[in-house]
Amino acid sequence: MSATISDLLDPAGAARCVLWRDPPSGLSAVLVIDDLSLGPAAGGIRTRAYPDAAAMISEAAALARAMTRKCALAGLDAGGAKAVVLDHPGLDRPAAFRALGRRVAELGGLFRTAGDLGTTPADLAAMAETCPYVHTDDRGLADAVARGVIACVRACARARGRGLGGLRVAVQGCGAIGSAVARALAAEGAFLLIADVDPRRAHDLAEATGSHVHDPKDILLAPVDVLVPCAVGGVVTAEVAAAMSAWALCGAANNVLAAPDVAEALRSRGVLHVPDVVASAGAVIEGIGRSVMQLADREPLIAALGTTAGELLAESVATGRTTEALAGRRAAARIAAAQRP
Ligand SMILES: NC(=O)c1ccc[n+]([C@@H]2O[C@H](COP(=O)([O-])OP(=O)(O)OC[C@H]3O[C@@H](n4cnc5c(N)ncnc54)[C@H](O)[C@@H]3O)[C@@H](O)[C@H]2O)c1
């Protein structure tokens, strides 16, 4: 069940993919390394009940591509990757994550990882027993994401001549990231509507932050100023883009647009859209900044996400292009410059 580095290094520059299985623990995992031009590949581990291996590969590949853009835009010396783990009734989680840790350790630091949707602090702790390349400080990374999201929401508010105080914000998802974002927004005096498919999580977060619990079925259409998705990807469909009340979209959920043309639907309605590859970069800045770039202070890079968001919003108005396209172009330019001999 092991991969060697040469399995992953593809001289043609195509995405590298490896499937790991460990029958004793029930582990089935896919790692996609998308790009190594700027440095080792960074990306979290997602754990979900996928229908088949093709679904695992396709989600890992899309998320790894987004990580490449995220690292390039954040000014990090890192490329993009993603690992996904199949959640199923036969999964012995501690043993499976220890086995996954052994495989990732064999790559010698080529892949740097942390948590993501569905992967728990206990999973990461088990993995860290066998692997030095996993960040287990889930709360610290989530708080770093929240600081980046706040900087980007502030950029949206500023574009409308507003501040964060009294801003009406809807947060979808009350997990690690949604909770950190809601706490940070509440501390800034925003008025919050929050929702989760797990009512207990929403209730507990509402108690802690003074927020109002909203029905998860229509949180994306809630009458607010800013929509902050922090749950699963693909939730902003063409229908949501056409019907949403919020005048800004700025969330941490990776790959939140259901299709590329949704970006144009948002732009043509005048919705300020901060791409999630910008808004959600706080965790990878914290992780790679600390472990690879040895930056004593990562806050300037996190604060710079707000500057990038403001520039993209202004450039979109000036050029009529979507912020998503403009962000993609910036990331590609930085990677191309690094690839030049
Ligand atoms: N963890 C990180 O460091 C990190 C960094 C950047 C981006 N992200 C992204 O942020 C998002 C959230 O990650 P997380 O680590 O908080 O995951 P998590 O598993 O801790 O929390 C996700 C929450 O979303 C809820 N949820 C799922 N579907 C929902 C729906 N349709 N409506 C409302 N709630 C729903 C779940 O019940 C859960 O409470 C993911 O898209 C992830 O890729 C995570």
# chains A, B, ... in the order shown; residues from 1 in each chain; ligands from 1

call {"tool": "closest_atom_pairs", "arguments": {"of": "range 233-334 of chain A", "to": "range 106-114 of chain A", "cutoff": "9 Å", "atoms": "only C-alpha atoms", "output": "JSON lines"}}
result
{"residue": "A:Ala283", "atom": "CA", "partner": "A:Ala114", "partner_atom": "CA", "distance": 8.8}
{"residue": "A:Val284", "atom": "CA", "partner": "A:Ala114", "partner_atom": "CA", "distance": 8.7}
{"residue": "A:Gly287", "atom": "CA", "partner": "A:Ala114", "partner_atom": "CA", "distance": 8.2}
{"residue": "A:Ile288", "atom": "CA", "partner": "A:Arg112", "partner_atom": "CA", "distance": 7.9}
{"residue": "A:Ser291", "atom": "CA", "partner": "A:Arg112", "partner_atom": "CA", "distance": 8.9}

call {"tool": "write_last_selection", "arguments": {"atoms": "C-alpha atoms", "output": "short mmCIF file (atom, residue, chain, number, x, y, z; two decimals), in the first residue's frame"}}
result
data_model
loop_
_atom_site.label_atom_id
_atom_site.label_comp_id
_atom_site.auth_asym_id
_atom_site.auth_seq_id
_atom_site.Cartn_x
_atom_site.Cartn_y
_atom_site.Cartn_z
CA ALA A 283 -4.58 28.09 8.10
CA VAL A 284 -2.11 27.31 5.34
CA GLY A 287 1.09 26.09 8.93
CA ILE A 288 3.51 26.66 6.03
CA SER A 291 7.00 24.90 9.43
#

call {"tool": "residues_around", "arguments": {"residues": "Asp204 in chain A", "least_positions_apart": "4", "cutoff": "12 Å", "atoms": "only C-alpha atoms", "output": "PDB file with N, CA and C atoms, in the first residue's frame"}}
result
ATOM      1  N   CYS A 174     -21.237  25.338  11.551  1.00  0.00           N
ATOM      2  CA  CYS A 174     -20.765  25.714  12.894  1.00  0.00           C
ATOM      3  C   CYS A 174     -19.722  24.713  13.373  1.00  0.00           C
ATOM      4  N   GLY A 175     -18.867  24.250  12.461  1.00  0.00           N
ATOM      5  CA  GLY A 175     -17.776  23.347  12.833  1.00  0.00           C
ATOM      6  C   GLY A 175     -16.560  24.153  13.257  1.00  0.00           C
ATOM      7  N   SER A 179     -17.264  28.119  13.616  1.00  0.00           N
ATOM      8  CA  SER A 179     -17.283  28.594  15.011  1.00  0.00           C
ATOM      9  C   SER A 179     -16.255  29.699  15.212  1.00  0.00           C
ATOM     10  N   ALA A 182     -17.477  32.837  13.469  1.00  0.00           N
ATOM     11  CA  ALA A 182     -18.596  33.471  14.179  1.00  0.00           C
ATOM     12  C   ALA A 182     -18.107  34.172  15.443  1.00  0.00           C
ATOM     13  N   ARG A 183     -17.198  33.538  16.179  1.00  0.00           N
ATOM     14  CA  ARG A 183     -16.662  34.181  17.395  1.00  0.00           C
ATOM     15  C   ARG A 183     -15.960  35.494  17.044  1.00  0.00           C
ATOM     16  N   ILE A 194     -26.684  32.135  12.186  1.00  0.00           N
ATOM     17  CA  ILE A 194     -25.842  30.962  11.968  1.00  0.00           C
ATOM     18  C   ILE A 194     -26.724  29.739  11.728  1.00  0.00           C
ATOM     19  N   ALA A 195     -26.168  28.749  11.018  1.00  0.00           N
ATOM     20  CA  ALA A 195     -26.951  27.532  10.746  1.00  0.00           C
ATOM     21  C   ALA A 195     -26.021  26.341  10.597  1.00  0.00           C
ATOM     22  N   ASP A 196     -26.517  25.191  11.042  1.00  0.00           N
ATOM     23  CA  ASP A 196     -25.784  23.934  10.847  1.00  0.00           C
ATOM     24  C   ASP A 196     -26.817  22.823  10.715  1.00  0.00           C
ATOM     25  N   ASP A 198     -26.449  20.110  12.000  1.00  0.00           N
ATOM     26  CA  ASP A 198     -26.447  19.539  13.347  1.00  0.00           C
ATOM     27  C   ASP A 198     -26.967  20.625  14.296  1.00  0.00           C
ATOM     28  N   PRO A 199     -28.251  20.524  14.737  1.00  0.00           N
ATOM     29  CA  PRO A 199     -28.849  21.610  15.514  1.00  0.00           C
ATOM     30  C   PRO A 199     -28.125  21.888  16.825  1.00  0.00           C
ATOM     31  N   ARG A 200     -27.504  20.845  17.411  1.00  0.00           N
ATOM     32  CA  ARG A 200     -26.807  21.040  18.688  1.00  0.00           C
ATOM     33  C   ARG A 200     -25.617  21.978  18.507  1.00  0.00           C
ATOM     34  N   ALA A 208     -22.799  30.767  22.778  1.00  0.00           N
ATOM     35  CA  ALA A 208     -21.458  31.306  23.049  1.00  0.00           C
ATOM     36  C   ALA A 208     -21.229  32.670  22.417  1.00  0.00           C
ATOM     37  N   THR A 209     -21.953  32.968  21.341  1.00  0.00           N
ATOM     38  CA  THR A 209     -21.640  34.192  20.586  1.00  0.00           C
ATOM     39  C   THR A 209     -22.776  35.219  20.567  1.00  0.00           C
ATOM     40  N   GLY A 210     -23.929  34.841  21.118  1.00  0.00           N
ATOM     41  CA  GLY A 210     -25.083  35.750  21.058  1.00  0.00           C
ATOM     42  C   GLY A 210     -25.653  35.855  19.653  1.00  0.00           C
ATOM     43  N   SER A 211     -25.444  34.813  18.835  1.00  0.00           N
ATOM     44  CA  SER A 211     -25.975  34.814  17.464  1.00  0.00           C
ATOM     45  C   SER A 211     -27.387  34.245  17.444  1.00  0.00           C
ATOM     46  N   HIS A 212     -28.030  34.331  16.286  1.00  0.00           N
ATOM     47  CA  HIS A 212     -29.379  33.794  16.115  1.00  0.00           C
ATOM     48  C   HIS A 212     -29.312  32.571  15.213  1.00  0.00           C
ATOM     49  N   VAL A 213     -29.967  31.481  15.627  1.00  0.00           N
ATOM     50  CA  VAL A 213     -29.953  30.269  14.806  1.00  0.00           C
ATOM     51  C   VAL A 213     -30.972  30.409  13.682  1.00  0.00           C
TER      52      VAL A 213
END

call {"tool": "residues_near_ligand", "arguments": {"ligand": "ligand 1", "cutoff": "7 Å", "atoms": "only C-alpha atoms and all ligand atoms", "output": "number ranges by chain"}}
result
A: 44, 114-119, 138, 141-142, 145, 172-178, 195-198, 201, 216, 230-233, 252-254, 280-281, 283

call {"tool": "closest_atom_pairs", "arguments": {"of": "range 51-85 of chain A", "to": "range 302-314 of chain A", "cutoff": "12 Å", "atoms": "only C-alpha atoms", "output": "tab-separated table"}}
result
residue	atom	partner	partner_atom	distance
A:Lys70	CA	A:Leu305	CA	10.4
A:Cys71	CA	A:Leu305	CA	11.4
A:Ala72	CA	A:Leu305	CA	11.9
A:Leu73	CA	A:Thr308	CA	8.2
A:Ala74	CA	A:Leu305	CA	6.9
A:Gly75	CA	A:Ala304	CA	9.4
A:Leu76	CA	A:Ile302	CA	11.0

call {"tool": "select_by_dssp", "arguments": {"residues": "range 60-266 of chain A", "states": "alpha helix (DSSP H)", "output": "MDAnalysis selection string"}}
result
chainID A and resid 60:73 93:106 121:128 138:159 176:187 199:209 238:243 262:266

call {"tool": "select_by_dssp", "arguments": {"residues": "range 107-338 of chain A", "states": "strand (DSSP E or B)", "output": "MDAnalysis selection string"}}
result
chainID A and resid 111:113 115 134 168:172 191:195 212:213 226:229 236 248:249 257 272:273

call {"tool": "decode", "arguments": {"residues": "range 131-159 of chain A", "atoms": "N, CA and C atoms", "output": "PDB file, in the first residue's frame"}}
result
ATOM      1  N   CYS A 131       3.843  10.527  12.078  1.00  0.00           N
ATOM      2  CA  CYS A 131       4.170  11.461  11.001  1.00  0.00           C
ATOM      3  C   CYS A 131       4.501  12.849  11.553  1.00  0.00           C
ATOM      4  N   PRO A 132       5.665  13.396  11.198  1.00  0.00           N
ATOM      5  CA  PRO A 132       6.004  14.742  11.695  1.00  0.00           C
ATOM      6  C   PRO A 132       5.481  15.868  10.807  1.00  0.00           C
ATOM      7  N   TYR A 133       4.752  15.545   9.744  1.00  0.00           N
ATOM      8  CA  TYR A 133       4.363  16.594   8.787  1.00  0.00           C
ATOM      9  C   TYR A 133       2.884  16.973   8.885  1.00  0.00           C
ATOM     10  N   VAL A 134       2.277  16.701  10.055  1.00  0.00           N
ATOM     11  CA  VAL A 134       0.860  17.030  10.230  1.00  0.00           C
ATOM     12  C   VAL A 134       0.712  18.061  11.354  1.00  0.00           C
ATOM     13  N   HIS A 135      -0.075  19.113  11.083  1.00  0.00           N
ATOM     14  CA  HIS A 135      -0.352  20.129  12.107  1.00  0.00           C
ATOM     15  C   HIS A 135      -1.577  19.687  12.895  1.00  0.00           C
ATOM     16  N   THR A 136      -1.417  19.595  14.201  1.00  0.00           N
ATOM     17  CA  THR A 136      -2.521  19.108  15.028  1.00  0.00           C
ATOM     18  C   THR A 136      -3.199  20.233  15.794  1.00  0.00           C
ATOM     19  N   ASP A 137      -2.690  21.442  15.646  1.00  0.00           N
ATOM     20  CA  ASP A 137      -3.247  22.573  16.386  1.00  0.00           C
ATOM     21  C   ASP A 137      -4.494  23.097  15.668  1.00  0.00           C
ATOM     22  N   ASP A 138      -5.559  22.277  15.708  1.00  0.00           N
ATOM     23  CA  ASP A 138      -6.787  22.561  14.961  1.00  0.00           C
ATOM     24  C   ASP A 138      -7.374  23.930  15.300  1.00  0.00           C
ATOM     25  N   ARG A 139      -7.426  24.217  16.606  1.00  0.00           N
ATOM     26  CA  ARG A 139      -8.037  25.474  17.063  1.00  0.00           C
ATOM     27  C   ARG A 139      -7.206  26.674  16.589  1.00  0.00           C
ATOM     28  N   GLY A 140      -5.869  26.553  16.692  1.00  0.00           N
ATOM     29  CA  GLY A 140      -4.992  27.642  16.248  1.00  0.00           C
ATOM     30  C   GLY A 140      -5.146  27.899  14.753  1.00  0.00           C
ATOM     31  N   LEU A 141      -5.251  26.813  13.967  1.00  0.00           N
ATOM     32  CA  LEU A 141      -5.396  26.976  12.514  1.00  0.00           C
ATOM     33  C   LEU A 141      -6.769  27.569  12.182  1.00  0.00           C
ATOM     34  N   ALA A 142      -7.799  27.121  12.892  1.00  0.00           N
ATOM     35  CA  ALA A 142      -9.152  27.661  12.638  1.00  0.00           C
ATOM     36  C   ALA A 142      -9.198  29.150  12.974  1.00  0.00           C
ATOM     37  N   ASP A 143      -8.545  29.544  14.058  1.00  0.00           N
ATOM     38  CA  ASP A 143      -8.514  30.971  14.413  1.00  0.00           C
ATOM     39  C   ASP A 143      -7.773  31.779  13.343  1.00  0.00           C
ATOM     40  N   ALA A 144      -6.724  31.181  12.762  1.00  0.00           N
ATOM     41  CA  ALA A 144      -5.988  31.868  11.687  1.00  0.00           C
ATOM     42  C   ALA A 144      -6.888  32.031  10.456  1.00  0.00           C
ATOM     43  N   VAL A 145      -7.688  30.998  10.137  1.00  0.00           N
ATOM     44  CA  VAL A 145      -8.647  31.129   9.025  1.00  0.00           C
ATOM     45  C   VAL A 145      -9.611  32.270   9.330  1.00  0.00           C
ATOM     46  N   ALA A 146     -10.089  32.305  10.580  1.00  0.00           N
ATOM     47  CA  ALA A 146     -11.069  33.337  10.953  1.00  0.00           C
ATOM     48  C   ALA A 146     -10.486  34.735  10.782  1.00  0.00           C
ATOM     49  N   ARG A 147      -9.226  34.925  11.166  1.00  0.00           N
ATOM     50  CA  ARG A 147      -8.626  36.262  11.018  1.00  0.00           C
ATOM     51  C   ARG A 147      -8.548  36.656   9.541  1.00  0.00           C
ATOM     52  N   GLY A 148      -8.247  35.679   8.668  1.00  0.00           N
ATOM     53  CA  GLY A 148      -8.216  35.963   7.233  1.00  0.00           C
ATOM     54  C   GLY A 148      -9.598  36.292   6.691  1.00  0.00           C
ATOM     55  N   VAL A 149     -10.604  35.525   7.121  1.00  0.00           N
ATOM     56  CA  VAL A 149     -11.978  35.792   6.664  1.00  0.00           C
ATOM     57  C   VAL A 149     -12.411  37.188   7.113  1.00  0.00           C
ATOM     58  N   ILE A 150     -12.107  37.523   8.365  1.00  0.00           N
ATOM     59  CA  ILE A 150     -12.497  38.855   8.880  1.00  0.00           C
ATOM     60  C   ILE A 150     -11.847  39.951   8.041  1.00  0.00           C
ATOM     61  N   ALA A 151     -10.549  39.786   7.717  1.00  0.00           N
ATOM     62  CA  ALA A 151      -9.856  40.801   6.906  1.00  0.00           C
ATOM     63  C   ALA A 151     -10.569  40.969   5.552  1.00  0.00           C
ATOM     64  N   CYS A 152     -11.038  39.862   4.995  1.00  0.00           N
ATOM     65  CA  CYS A 152     -11.702  39.920   3.680  1.00  0.00           C
ATOM     66  C   CYS A 152     -13.133  40.471   3.784  1.00  0.00           C
ATOM     67  N   VAL A 153     -13.856  40.113   4.850  1.00  0.00           N
ATOM     68  CA  VAL A 153     -15.196  40.693   5.045  1.00  0.00           C
ATOM     69  C   VAL A 153     -15.061  42.210   5.248  1.00  0.00           C
ATOM     70  N   ARG A 154     -14.015  42.601   5.976  1.00  0.00           N
ATOM     71  CA  ARG A 154     -13.774  44.037   6.192  1.00  0.00           C
ATOM     72  C   ARG A 154     -13.538  44.741   4.845  1.00  0.00           C
ATOM     73  N   ALA A 155     -12.817  44.074   3.942  1.00  0.00           N
ATOM     74  CA  ALA A 155     -12.563  44.664   2.616  1.00  0.00           C
ATOM     75  C   ALA A 155     -13.883  44.848   1.853  1.00  0.00           C
ATOM     76  N   CYS A 156     -14.787  43.881   1.976  1.00  0.00           N
ATOM     77  CA  CYS A 156     -16.115  43.996   1.321  1.00  0.00           C
ATOM     78  C   CYS A 156     -16.880  45.173   1.923  1.00  0.00           C
ATOM     79  N   ALA A 157     -16.879  45.234   3.269  1.00  0.00           N
ATOM     80  CA  ALA A 157     -17.625  46.298   3.954  1.00  0.00           C
ATOM     81  C   ALA A 157     -17.073  47.658   3.539  1.00  0.00           C
ATOM     82  N   ARG A 158     -15.740  47.760   3.497  1.00  0.00           N
ATOM     83  CA  ARG A 158     -15.098  49.035   3.137  1.00  0.00           C
ATOM     84  C   ARG A 158     -15.508  49.452   1.722  1.00  0.00           C
ATOM     85  N   ALA A 159     -15.635  48.478   0.825  1.00  0.00           N
ATOM     86  CA  ALA A 159     -16.030  48.802  -0.554  1.00  0.00           C
ATOM     87  C   ALA A 159     -17.430  49.419  -0.597  1.00  0.00           C
TER      88      ALA A 159
END
